[in-house]
Amino acid sequence: GGSLYGTWRSAPGAPILGGDMYVDAYAGAASTSSDTSRIARIGATQINAQSDTSGTALSAGIRAGHVTRVGQTSIGPVLAVDYARIHTDAYSERGAGAFGLNVAESDEVSITSTLGVQAAHEFSVLGWDVAPYASAGWVHEFEHDAPVTTASFAGAAGARFQTTGLARDKDWVRAGGGIAVRAGSATLVNTGINTDFGRSGVNRTQISLTMRSAF
């Protein structure tokens, strides 16, 4: 897969996490593959059904904010919108005879908005600009309905049935922090961590390391 990133600053270089106003955007695409194994017992017989499938994953997002600077400290609101779509191709299980499943292709879509605040404090170390930062925001999922999978048994291909997965959380809080380091005027290295609070049955923590260079 691959990704594209773009950024705009109204006052490049001050502060290092954004000018007075800033906009960041990204888009990405990747191919996916998965293998599954399902064990079931029919009477005294145990079956082991196996399958493999492929698909695609698309993502895009935009983040905008405004920074107010007081001395070496900057703080401001952030608004982000993120889109993700995962497509899984249809597949058929092997090794289970008439009890093998034929699973139809499926799509899962997520559209989230994040409204929050970010604060940073900038100082210099050995000629490098360093800015520890922290952020917190309210995340809302617009596509929170439970995913539905359509399938049929190989021995009764015309009798399709549907299974429903778990619904996504609708609202939660995301908080995190990190440190950004700018070397000269062209290179920015950013490392951070964020985690979600208030989600049911989901534990999510993301660690990131990015580098941006201007030419």
# chains A, B, ... in the order shown; residues from 1 in each chain; ligands from 1
call {"tool": "residues_around", "arguments": {"residues": "Tyr91 in chain A", "least_positions_apart": "2", "cutoff": "10 Å", "atoms": "only C-alpha atoms", "output": "PyMOL selection string"}}
result
chain A and resi 51-54+88-89+93-94+101-105+151
call {"tool": "residues_around", "arguments": {"residues": "Gly6 in chain A", "least_positions_apart": "6", "cutoff": "7 Å", "atoms": "only C-alpha atoms", "output": "ChimeraX atom specification"}}
result
/A:24-26
call {"tool": "atom_distance", "arguments": {"atom1": "CA of His140 in chain A", "atom2": "CA of Val81 in chain A"}}
result
9.6 Å
call {"tool": "residues_around", "arguments": {"residues": "Gly55 in chain A", "least_positions_apart": "6", "cutoff": "8 Å", "atoms": "only C-alpha atoms", "output": "PDB file with N, CA, C and O atoms, in the first residue's frame"}}
result
ATOM      1  N   SER A  31      -3.676  -3.188  -0.194  1.00  0.00           N
ATOM      2  CA  SER A  31      -4.324  -4.477  -0.427  1.00  0.00           C
ATOM      3  C   SER A  31      -4.236  -5.299   0.854  1.00  0.00           C
ATOM      4  O   SER A  31      -3.288  -5.154   1.637  1.00  0.00           O
ATOM      5  N   THR A  32      -5.223  -6.154   1.069  1.00  0.00           N
ATOM      6  CA  THR A  32      -5.262  -6.969   2.285  1.00  0.00           C
ATOM      7  C   THR A  32      -5.408  -8.438   1.927  1.00  0.00           C
ATOM      8  O   THR A  32      -5.900  -8.793   0.845  1.00  0.00           O
ATOM      9  N   SER A  33      -4.995  -9.304   2.826  1.00  0.00           N
ATOM     10  CA  SER A  33      -5.192 -10.751   2.674  1.00  0.00           C
ATOM     11  C   SER A  33      -5.375 -11.356   4.056  1.00  0.00           C
ATOM     12  O   SER A  33      -4.815 -10.857   5.042  1.00  0.00           O
ATOM     13  N   ILE A  86     -13.068  -0.722   4.143  1.00  0.00           N
ATOM     14  CA  ILE A  86     -12.417  -2.017   3.959  1.00  0.00           C
ATOM     15  C   ILE A  86     -13.342  -2.914   3.143  1.00  0.00           C
ATOM     16  O   ILE A  86     -14.487  -3.157   3.542  1.00  0.00           O
ATOM     17  N   HIS A  87     -12.858  -3.359   1.999  1.00  0.00           N
ATOM     18  CA  HIS A  87     -13.620  -4.266   1.135  1.00  0.00           C
ATOM     19  C   HIS A  87     -12.991  -5.652   1.211  1.00  0.00           C
ATOM     20  O   HIS A  87     -11.775  -5.806   1.049  1.00  0.00           O
ATOM     21  N   THR A  88     -13.819  -6.667   1.484  1.00  0.00           N
ATOM     22  CA  THR A  88     -13.363  -8.054   1.544  1.00  0.00           C
ATOM     23  C   THR A  88     -14.019  -8.832   0.418  1.00  0.00           C
ATOM     24  O   THR A  88     -15.247  -8.826   0.285  1.00  0.00           O
ATOM     25  N   ASP A  89     -13.215  -9.493  -0.409  1.00  0.00           N
ATOM     26  CA  ASP A  89     -13.747 -10.270  -1.527  1.00  0.00           C
ATOM     27  C   ASP A  89     -14.509 -11.499  -1.025  1.00  0.00           C
ATOM     28  O   ASP A  89     -14.285 -11.978   0.090  1.00  0.00           O
TER      29      ASP A  89
END
call {"tool": "residues_around", "arguments": {"residues": "Arg38 in chain A", "least_positions_apart": "3", "cutoff": "8 Å", "atoms": "only C-alpha atoms", "output": "PyMOL selection string"}}
result
chain A and resi 48-50
call {"tool": "write_last_selection", "arguments": {"atoms": "C-alpha atoms", "output": "CSV table (one decimal), in the first residue's frame"}}
result
chain,number,residue,atom,x,y,z
A,48,ASN,CA,-11.9,-28.2,9.9
A,49,ALA,CA,-12.9,-25.5,7.4
A,50,GLN,CA,-10.2,-23.3,6.0
call {"tool": "closest_residue", "arguments": {"among": "A:Thr163, A:Asn194, A:Thr150, A:Ser106", "to": "Ala134 in chain A", "atoms": "only C-alpha atoms"}}
result
A:Asn194
call {"tool": "closest_residue", "arguments": {"among": "A:Tyr83, A:Trp138, A:Phe161, A:Trp172", "to": "Ala29 in chain A", "atoms": "only C-alpha atoms"}}
result
A:Tyr83
call {"tool": "atom_distance", "arguments": {"atom1": "CA of Thr112 in chain A", "atom2": "CA of Glu143 in chain A"}}
result
7.9 Å
call {"tool": "atom_distance", "arguments": {"atom1": "CA of Gly137 in chain A", "atom2": "CA of Arg174 in chain A"}}
result
5.4 Å
